[in-house]
Structures are given as C-alpha cells and as structure tokens.
Amino acid sequence: MLPSPEAADVVALARDIARRELAPRAAPAEEAGAFPREIFRMLGRAGLLGLPYPPDLGGGGQPYEVYLQVLEEIAAVWASVAVGVSVHTLSCFPLFACGTDVQRKQLPELLEGDLLGGYALAEEFTGPDAAGLSTLAVPDGDGYRITGTKTWITHGGEADFYVLFARTSGGPGGLTCFLVEGRMDGLAFGPPERKMALTASTTARLHFEDAWVPDDWRIADEGCGFPIAAAALDAGRLGIAACAVGLAQGALDHAVRYAAGRGQFGRPVIANQGIAFLLADMAAAVETARAGYLEAARRKDRGLPFARQASIAKLAATDAAMKVTADAVQVLGGDGYTRDHPVERYMREAKVMQIFEGANQIQRMVIGRHLARDAGYAC
C-alpha cells in the first residue's frame with residue numbers, strides 16, 4: 001500500500017518508463033558493456049533521481065519507501081541502471097545531510113540528472129571496514145592533498161563528482177568526507193573491471209596522487225567522515241535490497257510467463273505440480289523480501305533506528321534474489337541456460353548483490369552486534 005495517490009503515480013511512472021524505455025535497451029547494452037549515461041539524464045528529467053530529497057533542492061519530496069519501490073520497478077528490467085540510481089542517491093546523501101549552502105548548490109543538477117555522482121569509500125584491503133581506510137588527506141595551504149586508491153567504485157570514470165572518504169588522522173575518528181570533481185588534476189582511473197554481470201554499470205579504481213581539494217569542498221568537520229559513511233551505508237543497503245527484490249520479481253515474472261505458455265504432455269508446464277510449487281516458493285520469497293525492506297524504510301521515514309532492519313533487509317533480499325533467479329533458470333530448463341531469455345543474466349546479476357554494500361557475512365555480523373547490544377552485552 002503506497003502512502004498517497006501522488007506516490008502511486010510516481011511508481012506507475014517508473015513502471016511505465018522501465019517497461020517502455022529501459023527494457024528494450026537492457027540486453028544490448030549489457031552485451032556491449034555500454035554505460036547508459038543518457039538513461040540517467042532521462043530518469044532525472046522524469047523526476048526519478050531525487051525522490052527522497054526535498055523539492056526546494058530539486059528532489060521529489062517522497063518517503064524513502066516510495067523511492068525504494070521505484071528502484072524495484074527499474075531493477076525488474078535493468079539491474080545495472082537500478083544499482084546506478086541507488087549509488088547516485090547514496091552519493092547525494094552527505095551533501096544533503098552535512099553540506100554547506102554552497103556545496104548543496106550542486107544538488108539540483110545531481111538530482112535532475114545533469115550531473116552524475118559516485119561514492120568513493122572502499123579500498124582494496126579494507127572492503128566495508130571504513131575505519132581501516134588508508135587514503136590520506138594531508139593539509140596543504142587552504143586545502144588538502146589526497147593520495148590513495150579507491151576500488152570497486154560504481155560510475156568510476158563516468159561520474160561528474162565523487163563523495164570521497166579519506167584519513168586526516170588515525171582511528172575511526174580520523175576519517176573526513178570530501179566532494180571531489182570527476183575530472184581534476186591528480187585523479188586517474190583504472191580500466192573498467194571485467195565483471196560477470198552488471199556490465200553496463202562501469203566499475204573502476206580511482207587513483208589519487210597529490211590531488212588538491214580546497215577546504216570549501218570538505219563536507220562537515222575533519223573527523224566526521226565515519227558517521228556520515230555509516231548513515232549513508234544504512235540507507236544504501238535498503239537501496240540494494242530493493243534492487244534485489246526487483247531483480248527477483250523480474251525473474252519470477254519471466255518464469256511464470258514461460259511456464260504458462262509452454263506446453264508439455266498436452267498441458268502448460270505451470271500445471272505440473274513440481275513447477276507450480278517451485279514458482280510458489282519463488283513468489284513467497286519475493287513478497288517476504290519486499291515486506292522486509294519496506295518495514296525498514298518505514299522505520300527510516302518515521303525517524304526510528306533502522307540500521308539492524310536495513311542489514312536484515314539486505315541479507316534476506318539478496319539471498320532471496322540469488323535463489324529465485326537460479327530457480328527461474330531451472331523452470332526454463334535448457335532455455336534458461338541460453339541468452340535467448342534474460343533469466344541467466346538475472347542469475348549472474350543476483351550474485352554480486354550478496355557481495356556489495358557489505359557482503360552478507362558482514363550483514364550477519366552487524367545484525368549479531370545489534371542483537372547483543374539490545375541484550376545488554378558489549379560487542
């Protein structure tokens with residue numbers, strides 16, 4: 001149940017654009033590994049890139065639960081674009097939450113799709129451990145010199161701006177957040193990663209070598225980077241949960257259509273109890289995962305703590321997507337193993353969702369720590 005008629009219209013618009021504009025382009029772009037920059041401009045002009053942000057900044061002023069359901073509609077036809085929208089929205093959060101008035105002037109262009117954002121947190125030997133980052137920001141005049149390498153950066157080499165987390169002193173309290181331009185002296189990019197899926201979503205390393213960033217582009221005070229990163233990642237996990245549910249829904253829809261339309265032994269395949277039960281389990285997994293991310297989003301919208309629920313939603317939704325997409329291949333049999341049907345791509349795309357925004361093993365650790373703290377035990 002959507003919270004308002006306006007919200008219902010927004011989700012319906014997203015569904016229409018996804019089916020009419022995105023679906024026909026997805027397979028060719030994934031096959032070619034072509035980054036669809038124009039798609040993000042189109043989504044921005046349709047008002048779908050800034051949904052959870054205020055209208056006075058160019059956003060849509062919608063609750064987070066509505067934004068996530070829009071992500072789901074996009075992911076049901078093109079996961080690379082949905083993940084890109086999630087990362088772009090994530091990259092806007094530090095500017096919105098902690099940016100100065102001058103910095104926030106970038107937000108309308110970002111939210112309207114004229115500019116594209118990236119989120120530069122992860123490093124090769126730290127993964128999701130934000131406290132262990134080694135990229136350095138050393139004071140230099142009225143700015144900082146940045147040196148270090150960021151890995152697995154979605155939109156790496158494509159984004160106009162990156163939100164960058166670098167170390168200004170030791171320990172978890174030594175991280176600082178910066179806004180950096182996508183084309184600046186001292187910033188170079190590695191070649192795009194050769195991935196098994198999401199090939200239309202460019203992922204690359206960012207190499208900073210004495211890249212100078214002025215004080216004006218530091219977001220919040222020195223040492224405030226860790227809580228900014230943590231808050232952004234909680235919201236980002238909900239974005240990936242919604243993408244995973246959309247991906248699973250797309251696989252289920254295709255499997256149902258195939259099973260209903262393919263005859264075997266004189267009747268549709270879906271009339272076979274073995275197939276019908278498999279599809280029923282897939283549907284149950286999709287709807288359960290959807291309920292999980294929506295509950296976490298509604299807590300966020302009400303201003304309640306939602307970090308544990310976000311980790312649960314990400315864990316449950318991405319595990320469900322992996323199983324549902326694999327089962328969709330099974331329903332199609334040999335056809336499911338060919339590129340004549342999208343379910344083999346969906347299965348490959350589901351795998352990475354168990355890994356990024358904190359691998360599911362990390363989510364289990366986070367959930368366990370919350371449970372221990374709630375029970376009065378120190379972690």
# chains A, B, ... in the order shown; residues from 1 in each chain; ligands from 1
>>> residues_around(residues="range 277-281 of chain A", least_positions_apart="2", cutoff="12 Å", atoms="only C-alpha atoms", output="number ranges by chain")
A: 248-249, 251-260, 269-275, 283-288, 320, 323-332
>>> write_last_selection(atoms="N, CA and C atoms", output="mmCIF file, in the first residue's frame")
data_model
loop_
_atom_site.group_PDB
_atom_site.id
_atom_site.type_symbol
_atom_site.label_atom_id
_atom_site.label_comp_id
_atom_site.auth_asym_id
_atom_site.auth_seq_id
_atom_site.Cartn_x
_atom_site.Cartn_y
_atom_site.Cartn_z
ATOM 1 N N ALA A 248 14.563 -10.158 -8.551
ATOM 2 C CA ALA A 248 13.866 -11.413 -8.307
ATOM 3 C C ALA A 248 12.462 -11.395 -8.895
ATOM 4 N N GLN A 249 11.767 -10.257 -8.770
ATOM 5 C CA GLN A 249 10.424 -10.149 -9.348
ATOM 6 C C GLN A 249 10.461 -10.289 -10.869
ATOM 7 N N ALA A 251 12.668 -11.968 -12.601
ATOM 8 C CA ALA A 251 12.919 -13.373 -12.907
ATOM 9 C C ALA A 251 11.658 -14.212 -12.705
ATOM 10 N N LEU A 252 10.933 -13.946 -11.627
ATOM 11 C CA LEU A 252 9.691 -14.676 -11.367
ATOM 12 C C LEU A 252 8.670 -14.415 -12.474
ATOM 13 N N ASP A 253 8.498 -13.169 -12.867
ATOM 14 C CA ASP A 253 7.528 -12.837 -13.916
ATOM 15 C C ASP A 253 7.853 -13.576 -15.205
ATOM 16 N N HIS A 254 9.128 -13.599 -15.565
ATOM 17 C CA HIS A 254 9.509 -14.275 -16.805
ATOM 18 C C HIS A 254 9.273 -15.782 -16.688
ATOM 19 N N ALA A 255 9.598 -16.343 -15.536
ATOM 20 C CA ALA A 255 9.403 -17.781 -15.347
ATOM 21 C C ALA A 255 7.929 -18.154 -15.403
ATOM 22 N N VAL A 256 7.065 -17.343 -14.831
ATOM 23 C CA VAL A 256 5.623 -17.620 -14.857
ATOM 24 C C VAL A 256 5.096 -17.548 -16.288
ATOM 25 N N ARG A 257 5.496 -16.504 -17.017
ATOM 26 C CA ARG A 257 5.046 -16.392 -18.406
ATOM 27 C C ARG A 257 5.500 -17.592 -19.236
ATOM 28 N N TYR A 258 6.730 -17.993 -19.035
ATOM 29 C CA TYR A 258 7.265 -19.130 -19.782
ATOM 30 C C TYR A 258 6.503 -20.407 -19.431
ATOM 31 N N ALA A 259 6.311 -20.649 -18.138
ATOM 32 C CA ALA A 259 5.648 -21.881 -17.700
ATOM 33 C C ALA A 259 4.189 -21.923 -18.138
ATOM 34 N N ALA A 260 3.549 -20.749 -18.213
ATOM 35 C CA ALA A 260 2.157 -20.713 -18.649
ATOM 36 C C ALA A 260 2.024 -20.870 -20.160
ATOM 37 N N VAL A 269 3.207 -26.130 -18.797
ATOM 38 C CA VAL A 269 4.182 -26.564 -17.792
ATOM 39 C C VAL A 269 3.761 -26.138 -16.390
ATOM 40 N N ILE A 270 3.093 -24.971 -16.274
ATOM 41 C CA ILE A 270 2.714 -24.463 -14.961
ATOM 42 C C ILE A 270 1.687 -25.371 -14.272
ATOM 43 N N ALA A 271 1.002 -26.219 -15.043
ATOM 44 C CA ALA A 271 0.044 -27.144 -14.454
ATOM 45 C C ALA A 271 0.724 -28.326 -13.774
ATOM 46 N N ASN A 272 2.026 -28.481 -14.033
ATOM 47 C CA ASN A 272 2.808 -29.520 -13.353
ATOM 48 C C ASN A 272 3.053 -29.082 -11.911
ATOM 49 N N GLN A 273 2.657 -29.934 -10.962
ATOM 50 C CA GLN A 273 2.751 -29.526 -9.557
ATOM 51 C C GLN A 273 4.181 -29.202 -9.149
ATOM 52 N N GLY A 274 5.158 -29.935 -9.694
ATOM 53 C CA GLY A 274 6.552 -29.655 -9.342
ATOM 54 C C GLY A 274 6.955 -28.243 -9.733
ATOM 55 N N ILE A 275 6.516 -27.797 -10.915
ATOM 56 C CA ILE A 275 6.823 -26.433 -11.357
ATOM 57 C C ILE A 275 5.989 -25.421 -10.589
ATOM 58 N N ALA A 283 7.596 -16.936 -5.433
ATOM 59 C CA ALA A 283 6.716 -15.807 -5.123
ATOM 60 C C ALA A 283 6.743 -15.477 -3.637
ATOM 61 N N ALA A 284 6.732 -16.516 -2.793
ATOM 62 C CA ALA A 284 6.776 -16.286 -1.348
ATOM 63 C C ALA A 284 8.074 -15.592 -0.945
ATOM 64 N N ALA A 285 9.183 -15.986 -1.556
ATOM 65 C CA ALA A 285 10.474 -15.372 -1.232
ATOM 66 C C ALA A 285 10.497 -13.901 -1.645
ATOM 67 N N VAL A 286 9.945 -13.596 -2.817
ATOM 68 C CA VAL A 286 9.935 -12.218 -3.300
ATOM 69 C C VAL A 286 9.085 -11.332 -2.386
ATOM 70 N N GLU A 287 7.894 -11.796 -2.062
ATOM 71 C CA GLU A 287 6.997 -10.952 -1.266
ATOM 72 C C GLU A 287 7.492 -10.798 0.177
ATOM 73 N N THR A 288 8.119 -11.838 0.711
ATOM 74 C CA THR A 288 8.683 -11.726 2.056
ATOM 75 C C THR A 288 9.827 -10.724 2.077
ATOM 76 N N ALA A 320 17.462 -14.087 -1.244
ATOM 77 C CA ALA A 320 16.258 -14.489 -1.971
ATOM 78 C C ALA A 320 16.445 -14.309 -3.470
ATOM 79 N N LYS A 323 18.467 -17.171 -4.984
ATOM 80 C CA LYS A 323 17.713 -18.420 -5.116
ATOM 81 C C LYS A 323 16.618 -18.310 -6.175
ATOM 82 N N VAL A 324 15.899 -17.199 -6.180
ATOM 83 C CA VAL A 324 14.786 -17.049 -7.125
ATOM 84 C C VAL A 324 15.297 -17.030 -8.561
ATOM 85 N N THR A 325 16.386 -16.323 -8.809
ATOM 86 C CA THR A 325 16.900 -16.270 -10.176
ATOM 87 C C THR A 325 17.441 -17.627 -10.622
ATOM 88 N N ALA A 326 18.091 -18.353 -9.706
ATOM 89 C CA ALA A 326 18.555 -19.694 -10.055
ATOM 90 C C ALA A 326 17.371 -20.622 -10.327
ATOM 91 N N ASP A 327 16.319 -20.501 -9.540
ATOM 92 C CA ASP A 327 15.123 -21.321 -9.766
ATOM 93 C C ASP A 327 14.426 -20.944 -11.071
ATOM 94 N N ALA A 328 14.497 -19.658 -11.455
ATOM 95 C CA ALA A 328 13.911 -19.246 -12.729
ATOM 96 C C ALA A 328 14.617 -19.935 -13.889
ATOM 97 N N VAL A 329 15.940 -20.029 -13.802
ATOM 98 C CA VAL A 329 16.677 -20.782 -14.822
ATOM 99 C C VAL A 329 16.198 -22.230 -14.861
ATOM 100 N N GLN A 330 15.979 -22.813 -13.693
ATOM 101 C CA GLN A 330 15.526 -24.203 -13.613
ATOM 102 C C GLN A 330 14.143 -24.376 -14.245
ATOM 103 N N VAL A 331 13.245 -23.431 -14.011
ATOM 104 C CA VAL A 331 11.905 -23.518 -14.597
ATOM 105 C C VAL A 331 11.989 -23.538 -16.121
ATOM 106 N N LEU A 332 12.883 -22.731 -16.690
ATOM 107 C CA LEU A 332 13.016 -22.685 -18.144
ATOM 108 C C LEU A 332 13.818 -23.849 -18.705
#
>>> closest_atom_pairs(of="range 165-272 of chain A", to="range 107-121 of chain A", cutoff="12 Å", atoms="only C-alpha atoms", output="JSON lines")
{"residue": "A:Phe165", "atom": "CA", "partner": "A:Leu121", "partner_atom": "CA", "distance": 5.5}
{"residue": "A:Ala166", "atom": "CA", "partner": "A:Leu121", "partner_atom": "CA", "distance": 8.1}
{"residue": "A:Arg167", "atom": "CA", "partner": "A:Leu121", "partner_atom": "CA", "distance": 11.0}
{"residue": "A:Leu175", "atom": "CA", "partner": "A:Leu121", "partner_atom": "CA", "distance": 10.5}
{"residue": "A:Thr176", "atom": "CA", "partner": "A:Leu121", "partner_atom": "CA", "distance": 10.9}
{"residue": "A:Cys177", "atom": "CA", "partner": "A:Leu121", "partner_atom": "CA", "distance": 9.6}
{"residue": "A:Phe178", "atom": "CA", "partner": "A:Ala120", "partner_atom": "CA", "distance": 9.7}
{"residue": "A:Leu179", "atom": "CA", "partner": "A:Tyr119", "partner_atom": "CA", "distance": 9.7}
{"residue": "A:Val180", "atom": "CA", "partner": "A:Ala120", "partner_atom": "CA", "distance": 9.8}
{"residue": "A:Glu181", "atom": "CA", "partner": "A:Gly117", "partner_atom": "CA", "distance": 9.6}
{"residue": "A:Gly182", "atom": "CA", "partner": "A:Gly117", "partner_atom": "CA", "distance": 8.7}
{"residue": "A:Ser201", "atom": "CA", "partner": "A:Gly118", "partner_atom": "CA", "distance": 11.8}
{"residue": "A:Thr202", "atom": "CA", "partner": "A:Gly118", "partner_atom": "CA", "distance": 10.9}
{"residue": "A:Thr203", "atom": "CA", "partner": "A:Gly118", "partner_atom": "CA", "distance": 10.3}
{"residue": "A:Ala204", "atom": "CA", "partner": "A:Ala120", "partner_atom": "CA", "distance": 10.5}
{"residue": "A:Arg205", "atom": "CA", "partner": "A:Ala120", "partner_atom": "CA", "distance": 9.3}
{"residue": "A:Leu206", "atom": "CA", "partner": "A:Ala120", "partner_atom": "CA", "distance": 8.0}
{"residue": "A:His207", "atom": "CA", "partner": "A:Ala120", "partner_atom": "CA", "distance": 10.7}
{"residue": "A:Phe208", "atom": "CA", "partner": "A:Ala120", "partner_atom": "CA", "distance": 11.2}
{"residue": "A:Gly225", "atom": "CA", "partner": "A:Leu121", "partner_atom": "CA", "distance": 10.2}
{"residue": "A:Phe226", "atom": "CA", "partner": "A:Leu121", "partner_atom": "CA", "distance": 10.3}
{"residue": "A:Ile228", "atom": "CA", "partner": "A:Leu121", "partner_atom": "CA", "distance": 11.1}
{"residue": "A:Ala229", "atom": "CA", "partner": "A:Leu121", "partner_atom": "CA", "distance": 8.0}
{"residue": "A:Ala230", "atom": "CA", "partner": "A:Leu121", "partner_atom": "CA", "distance": 10.7}
{"residue": "A:Ala232", "atom": "CA", "partner": "A:Tyr119", "partner_atom": "CA", "distance": 9.9}
{"residue": "A:Leu233", "atom": "CA", "partner": "A:Leu121", "partner_atom": "CA", "distance": 10.1}
{"residue": "A:Gly236", "atom": "CA", "partner": "A:Tyr119", "partner_atom": "CA", "distance": 10.6}
>>> atom_distance(atom1="CA of Gly358 in chain A", atom2="CA of Gly190 in chain A")
22.3 Å
>>> closest_residue(among="A:Asp301, A:Glu295, A:Asp340, A:Glu193", to="Gly33 in chain A", atoms="only C-alpha atoms")
A:Glu193
>>> atom_distance(atom1="CA of Ile153 in chain A", atom2="CA of Thr135 in chain A")
14.3 Å
>>> residues_around(residues="Val87 in chain A", least_positions_apart="2", cutoff="10 Å", atoms="only C-alpha atoms", output="number ranges by chain")
A: 81-85, 89-92, 116-119, 153-155, 236, 239-240, 357
